[in-house]
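Q: Just dropping this structure here.
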Amino acid sequence: MKIAIMGAGPSGLFLAILLKQGLQSADIRVYEQNPRDATFGFGVVLADTGLANLQAAAPDVCRKLIQAMRFSGKHTVATRDHPIVIQRPGQGGGAIPRIALLSILQEQAEALGIDVAYDSRCTAYDHLDADLIVGADGVNSHLRESHLAAFAASRYYLSNHFAWYGVGKAFPNPALVFRKYRGGYFVAHYYPYSENMSTFVAECDHRSWQELGMETMSEEARKSLFEEIYAPELDGHALVSNNSSWRQFPVVRAENWYVGNKVLVGDALNSAHFSIGSGTRIAMEDSIALAHALQACPGDLQAALQRYVRSRKPQKQKLIRASEASFNWYENVRQWMDTYTPYEFVLSFMTRTGRVDAARLRKQYPELVRQFAEAGIGGNGELPA
């Protein structure tokens, strides 16, 4: 079986590795439009539940990833300059430099003899010598866009504006800082991913973007503005750019997961908002499901693709619904920042996706629930559902 994978990001490389391990006779070629050593972004996070799934699928690879990760069981949420530290259940998510994640996957792919063609963009899909073509090429997937009607794919953009930066400071733990500044409403999402670096995602609502004139600012001026707003947290450190352009999040949805011999995974299929911190994990779990389906149906591609959708879609839909609930909460962040006290705000934040209810809060976040009670939330012993 000849398999062509578009994109040598985490999901594409992980899929190639899983397929080579499970279907050793498969002829696998990965196409990547960027150079081998190119990486955009800084650190990525893989949640502990996601790591368990990755470990079950590829224990040797996952062990190397865990060794390169930085874990934190705490998360800080601050509004009105009132930081509230949340103790997470378990060890929390593992942050890893994106370049380290890719390097581990690249090395494993090479060890298995997988052909990865860098600086190579394949576009003539209908003439490609392949039994299966996989779109693991991200939110701007060329494979999806070139068969837009067949995949029944749509795209729209959220109103908030954001940019990814790095900072040469390892914050003590991941944090979200919501701050009003000069009449604007801003968010900083940051987390450490190495001994001396952190990812720093800057965000503002559209009204702030307009009223503070950010639309006409240079990229450097926007960066300087956030350095000014978050000076207390940055402590003299400058934000670091790496393709750090300001944009609005594209919500991509493909109704059809596969068309003929073409199939999508990860953000090429459904984009997951960065506020749930699971985009890379979700994409890699798509790869696990596709690899398992292909291994379970040797010689019957259509049966394998049907199995992929049947086995993966229910869980993927839950995650995408959580992503949508989360980004809708952020789209209305001005309202929450104006309305809620710090503890009310954190309760709203924690329950925004609908996946955390009162029972789960009590079980997994007992210290936070105690603080809620002290703040007068759920004074009768009941938290909002």
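Naming works like this for the structure tokens: A, B, ... for the chains as they're shown, residue 1 at the start of each chain, ligands 1 onward in shown order.
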At a cut-off of 6 Å, using only C-alpha atoms, what residues contact Val240 of chain A? Leave out same-chain residues fewer than 3 positions from it and give the result as a list in words.

A: Tyr165, Gly166 and Val167 of chain A

Q: For the residues selected in the previous step, produce a file with N, CA and C atoms as a PDB file, in the first residue's frame.

A:
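Here's the written file again-v9.pdb:
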```
ATOM      1  N   TYR A 165       3.935  34.665  20.784  1.00  0.00           N
ATOM      2  CA  TYR A 165       5.308  35.114  21.032  1.00  0.00           C
ATOM      3  C   TYR A 165       6.004  34.113  21.951  1.00  0.00           C
ATOM      4  N   GLY A 166       7.294  34.341  22.124  1.00  0.00           N
ATOM      5  CA  GLY A 166       8.053  33.666  23.155  1.00  0.00           C
ATOM      6  C   GLY A 166       8.589  34.715  24.104  1.00  0.00           C
ATOM      7  N   VAL A 167       9.144  34.273  25.217  1.00  0.00           N
ATOM      8  CA  VAL A 167       9.801  35.186  26.153  1.00  0.00           C
ATOM      9  C   VAL A 167      10.917  34.415  26.843  1.00  0.00           C
TER      10      VAL A 167
END
```

Q: Quick one: residues within 10 Å of Gln364 of chain A, only C-alpha atoms counted, chain neighbours fewer than 5 positions away excluded, as a ChimeraX atom specification?

A: /A:87-90,356,359,369

Q: Considering only C-alpha atoms, can you say which of A:Ala95, A:Val139, A:Leu368, A:Ala8 comes closest to His273 of chain A?

A: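 Using only C-alpha atoms, His273 of chain A sits closest to A:Val139.
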
Q: Residues within 10 Å of Arg36 of chain A, please, as a PyMOL selection string. Count only C-alpha atoms; anything in the same chain fewer than 4 positions from it doesn't count.

A: chain A and resi 8+32+102-103+106+116-119

Q: Would you compute the distance between atom CA of Arg155 of chain A and atom CA of Asn270 of chain A? Give it in Å to one decimal.

A: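 Here the two named atoms are 9.7 Å from each other.
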
Q: Closest to Val30 of chain A among A:Cys204, A:Ala296, A:Leu46, A:Ala109, using only C-alpha atoms?

A: A:Ala109

Q: Among segment 41-149 of chain A, which residues carry a DSSP assignment of strand (DSSP E), reported as a list of chain:residue names?

A: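 DSSP-assigned strand (DSSP E) residues in segment 41-149 of chain A: A:Gly43, A:Val44, A:Val45, A:Leu46, A:Arg70, A:Phe71, A:Lys74, A:His75, A:Thr76, A:Val77, A:Ala78, A:Thr79, A:His82, A:Pro83, A:Ile84, A:Val85, A:Ile86, A:Gln87, A:Gly94, A:Ala95, A:Ile96, A:Pro97, A:Asp115, A:Val116, A:Ala117, A:Leu132, A:Ile133, A:Val134, A:Gly135.
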
Q: Using the chain letters and numbers from this document, which residues of segment 108-261 of chain A does DSSP assign to helix (DSSP H, G or I), as a VMD selection string?

A: chain A and resid 108 to 111 125 to 127 142 to 146 148 to 151 206 to 211 214 to 216 219 to 229 231 to 234

Q: Convert the current residue selection to file output with C-alpha atoms, as a compact mmCIF listing (two decimals), in the first residue's frame.

A:
```txt
# COMPACT_ATOMS: atom_id res chain seq x y z
CA GLN A 108 12.07 8.08 14.85
CA ALA A 109 10.80 8.42 11.28
CA GLU A 110 14.37 8.25 9.96
CA ALA A 111 15.13 5.20 12.11
CA TYR A 125 -3.12 14.98 -5.88
CA ASP A 126 -5.18 13.29 -8.59
CA HIS A 127 -1.97 12.32 -10.39
CA HIS A 142 -4.05 22.70 0.62
CA LEU A 143 -5.51 19.22 0.21
CA ARG A 144 -8.77 20.32 1.83
CA GLU A 145 -8.94 23.62 -0.02
CA SER A 146 -8.32 21.95 -3.37
CA LEU A 148 -13.41 22.10 -0.76
CA ALA A 149 -16.82 21.14 -2.11
CA ALA A 150 -16.17 17.41 -1.85
CA PHE A 151 -15.09 17.68 1.78
CA HIS A 206 -11.99 43.39 18.45
CA ARG A 207 -13.27 46.55 20.11
CA SER A 208 -9.91 47.05 21.85
CA TRP A 209 -8.15 46.36 18.53
CA GLN A 210 -10.10 49.19 16.95
CA GLU A 211 -10.24 51.71 19.79
CA MET A 214 -3.91 48.40 16.84
CA GLU A 215 -5.10 47.78 13.30
CA THR A 216 -2.79 50.51 11.98
CA GLU A 219 4.03 44.51 14.32
CA GLU A 220 6.76 45.99 16.51
CA ALA A 221 4.36 48.54 18.00
CA ARG A 222 1.85 45.82 18.88
CA LYS A 223 4.58 43.80 20.55
CA SER A 224 5.72 46.87 22.49
CA LEU A 225 2.15 47.53 23.61
CA PHE A 226 1.88 44.08 25.15
CA GLU A 227 5.30 44.47 26.76
CA GLU A 228 3.89 47.61 28.36
CA ILE A 229 0.61 46.03 29.44
CA ALA A 231 5.42 44.65 32.26
CA PRO A 232 4.78 43.30 35.81
CA GLU A 233 4.77 39.71 34.55
CA LEU A 234 7.56 40.09 31.98
```

Q: So that I can check the surroundings of Val265 of chain A, please list as a list in words every protein, DNA and RNA residue that reaches within 6 Å of it, counting only C-alpha atoms and ignoring chain neighbours fewer than 2 positions away.

A: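 Residues meeting the cut-off are Ala136, Ala268, Leu269 and Asp286 of chain A.
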
Q: Write to file, as a PDB file, in the first residue's frame, the residues of the selection just made, with C-alpha atoms.

A:
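Generated output (again_32.pdb):
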```pdb
ATOM      1  CA  ALA A 136      -2.081  16.485   7.844  1.00  0.00           C
ATOM      2  CA  ALA A 268      -7.050  20.240   8.402  1.00  0.00           C
ATOM      3  CA  LEU A 269     -10.271  18.510   9.422  1.00  0.00           C
ATOM      4  CA  ASP A 286      -6.644  11.521  14.961  1.00  0.00           C
TER       5      ASP A 286
END
```

Q: With only C-alpha atoms as the basis for distance, which of A:Arg281, A:Arg179, A:Arg321, A:Lys169 is at the shortest distance from Gly50 of chain A?

A: A:Arg281

Q: Near Tyr193 of chain A, within 12 Å and counting only C-alpha atoms, which residues show up once chain neighbours fewer than 6 positions away are dropped, as an NGL selection string?

A: :A and (41-46 or 68-72 or 93-101 or 166-174 or 199-200)

Q: Could you please take those selected residues and save N, CA and C atoms as a PDB file, in the first residue's frame?

A:
```pdb
ATOM      1  N   GLY A  41       6.466  29.048  16.003  1.00  0.00           N
ATOM      2  CA  GLY A  41       5.926  28.897  17.339  1.00  0.00           C
ATOM      3  C   GLY A  41       7.038  28.600  18.313  1.00  0.00           C
ATOM      4  N   PHE A  42       6.655  28.311  19.534  1.00  0.00           N
ATOM      5  CA  PHE A  42       7.648  28.129  20.596  1.00  0.00           C
ATOM      6  C   PHE A  42       7.417  26.795  21.294  1.00  0.00           C
ATOM      7  N   GLY A  43       6.642  26.771  22.348  1.00  0.00           N
ATOM      8  CA  GLY A  43       6.370  25.516  23.034  1.00  0.00           C
ATOM      9  C   GLY A  43       4.941  25.068  22.809  1.00  0.00           C
ATOM     10  N   VAL A  44       4.697  23.758  22.914  1.00  0.00           N
ATOM     11  CA  VAL A  44       3.345  23.212  22.844  1.00  0.00           C
ATOM     12  C   VAL A  44       3.107  22.378  24.097  1.00  0.00           C
ATOM     13  N   VAL A  45       1.833  22.178  24.426  1.00  0.00           N
ATOM     14  CA  VAL A  45       1.460  21.438  25.628  1.00  0.00           C
ATOM     15  C   VAL A  45       0.678  20.196  25.240  1.00  0.00           C
ATOM     16  N   LEU A  46       1.019  19.077  25.865  1.00  0.00           N
ATOM     17  CA  LEU A  46       0.260  17.840  25.727  1.00  0.00           C
ATOM     18  C   LEU A  46      -0.278  17.477  27.104  1.00  0.00           C
ATOM     19  N   ALA A  68      11.614  15.101  27.605  1.00  0.00           N
ATOM     20  CA  ALA A  68      11.917  16.463  27.144  1.00  0.00           C
ATOM     21  C   ALA A  68      10.894  17.478  27.633  1.00  0.00           C
ATOM     22  N   MET A  69       9.901  17.033  28.398  1.00  0.00           N
ATOM     23  CA  MET A  69       8.802  17.915  28.792  1.00  0.00           C
ATOM     24  C   MET A  69       9.022  18.560  30.156  1.00  0.00           C
ATOM     25  N   ARG A  70       8.321  19.656  30.334  1.00  0.00           N
ATOM     26  CA  ARG A  70       8.304  20.364  31.609  1.00  0.00           C
ATOM     27  C   ARG A  70       6.862  20.336  32.118  1.00  0.00           C
ATOM     28  N   PHE A  71       6.661  19.757  33.292  1.00  0.00           N
ATOM     29  CA  PHE A  71       5.323  19.575  33.833  1.00  0.00           C
ATOM     30  C   PHE A  71       5.044  20.582  34.945  1.00  0.00           C
ATOM     31  N   SER A  72       3.777  20.929  35.067  1.00  0.00           N
ATOM     32  CA  SER A  72       3.354  21.815  36.148  1.00  0.00           C
ATOM     33  C   SER A  72       1.947  21.439  36.575  1.00  0.00           C
ATOM     34  N   GLY A  93      -0.334  19.225  32.436  1.00  0.00           N
ATOM     35  CA  GLY A  93       0.147  19.058  31.067  1.00  0.00           C
ATOM     36  C   GLY A  93       1.658  19.129  30.986  1.00  0.00           C
ATOM     37  N   GLY A  94       2.200  18.534  29.937  1.00  0.00           N
ATOM     38  CA  GLY A  94       3.629  18.587  29.698  1.00  0.00           C
ATOM     39  C   GLY A  94       3.936  19.525  28.545  1.00  0.00           C
ATOM     40  N   ALA A  95       4.759  20.541  28.813  1.00  0.00           N
ATOM     41  CA  ALA A  95       5.137  21.502  27.769  1.00  0.00           C
ATOM     42  C   ALA A  95       6.490  21.106  27.193  1.00  0.00           C
ATOM     43  N   ILE A  96       6.610  21.236  25.872  1.00  0.00           N
ATOM     44  CA  ILE A  96       7.838  20.848  25.187  1.00  0.00           C
ATOM     45  C   ILE A  96       8.102  21.837  24.063  1.00  0.00           C
ATOM     46  N   PRO A  97       9.374  22.210  23.830  1.00  0.00           N
ATOM     47  CA  PRO A  97       9.662  23.060  22.670  1.00  0.00           C
ATOM     48  C   PRO A  97       9.171  22.374  21.395  1.00  0.00           C
ATOM     49  N   ARG A  98       8.506  23.134  20.555  1.00  0.00           N
ATOM     50  CA  ARG A  98       7.983  22.529  19.322  1.00  0.00           C
ATOM     51  C   ARG A  98       9.108  21.914  18.503  1.00  0.00           C
ATOM     52  N   ILE A  99      10.267  22.552  18.480  1.00  0.00           N
ATOM     53  CA  ILE A  99      11.382  22.021  17.710  1.00  0.00           C
ATOM     54  C   ILE A  99      11.860  20.694  18.284  1.00  0.00           C
ATOM     55  N   ALA A 100      11.782  20.536  19.618  1.00  0.00           N
ATOM     56  CA  ALA A 100      12.167  19.266  20.247  1.00  0.00           C
ATOM     57  C   ALA A 100      11.157  18.176  19.909  1.00  0.00           C
ATOM     58  N   LEU A 101       9.874  18.519  19.948  1.00  0.00           N
ATOM     59  CA  LEU A 101       8.830  17.561  19.581  1.00  0.00           C
ATOM     60  C   LEU A 101       9.045  17.066  18.155  1.00  0.00           C
ATOM     61  N   GLY A 166       7.294  34.341  22.124  1.00  0.00           N
ATOM     62  CA  GLY A 166       8.053  33.666  23.155  1.00  0.00           C
ATOM     63  C   GLY A 166       8.589  34.715  24.104  1.00  0.00           C
ATOM     64  N   VAL A 167       9.144  34.273  25.217  1.00  0.00           N
ATOM     65  CA  VAL A 167       9.801  35.186  26.153  1.00  0.00           C
ATOM     66  C   VAL A 167      10.917  34.415  26.843  1.00  0.00           C
ATOM     67  N   GLY A 168      12.076  35.069  26.973  1.00  0.00           N
ATOM     68  CA  GLY A 168      13.236  34.433  27.581  1.00  0.00           C
ATOM     69  C   GLY A 168      13.152  34.401  29.089  1.00  0.00           C
ATOM     70  N   LYS A 169      12.057  33.883  29.587  1.00  0.00           N
ATOM     71  CA  LYS A 169      11.833  33.756  31.025  1.00  0.00           C
ATOM     72  C   LYS A 169      10.976  32.519  31.247  1.00  0.00           C
ATOM     73  N   ALA A 170      11.384  31.677  32.159  1.00  0.00           N
ATOM     74  CA  ALA A 170      10.576  30.503  32.501  1.00  0.00           C
ATOM     75  C   ALA A 170       9.658  30.884  33.660  1.00  0.00           C
ATOM     76  N   PHE A 171       8.410  31.143  33.353  1.00  0.00           N
ATOM     77  CA  PHE A 171       7.452  31.465  34.407  1.00  0.00           C
ATOM     78  C   PHE A 171       7.299  30.268  35.336  1.00  0.00           C
ATOM     79  N   PRO A 172       6.948  30.508  36.599  1.00  0.00           N
ATOM     80  CA  PRO A 172       6.855  29.392  37.541  1.00  0.00           C
ATOM     81  C   PRO A 172       5.810  28.349  37.171  1.00  0.00           C
ATOM     82  N   ASN A 173       4.738  28.763  36.522  1.00  0.00           N
ATOM     83  CA  ASN A 173       3.701  27.829  36.085  1.00  0.00           C
ATOM     84  C   ASN A 173       2.847  28.510  35.012  1.00  0.00           C
ATOM     85  N   PRO A 174       2.062  27.748  34.285  1.00  0.00           N
ATOM     86  CA  PRO A 174       1.190  28.361  33.279  1.00  0.00           C
ATOM     87  C   PRO A 174       0.227  29.353  33.925  1.00  0.00           C
ATOM     88  N   THR A 199       6.200  30.179  26.263  1.00  0.00           N
ATOM     89  CA  THR A 199       5.304  30.654  25.212  1.00  0.00           C
ATOM     90  C   THR A 199       4.432  31.749  25.795  1.00  0.00           C
ATOM     91  N   PHE A 200       4.150  32.780  25.000  1.00  0.00           N
ATOM     92  CA  PHE A 200       3.334  33.904  25.459  1.00  0.00           C
ATOM     93  C   PHE A 200       2.358  34.252  24.331  1.00  0.00           C
TER      94      PHE A 200
END
```

Q: What lies within 6 Å of segment 336-343 of chain A using only C-alpha atoms, ignoring chain neighbours under 3 positions off, as a list in words?

A: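 The contact residues come out as Thr79, Val333 and Val346 of chain A.
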
Q: Of the candidates A:Arg121, A:His292, A:Arg182, A:His161, which one gets nearest to Gln248 of chain A if we count only C-alpha atoms?

A: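 The closest residue to Gln248 of chain A is A:His161.
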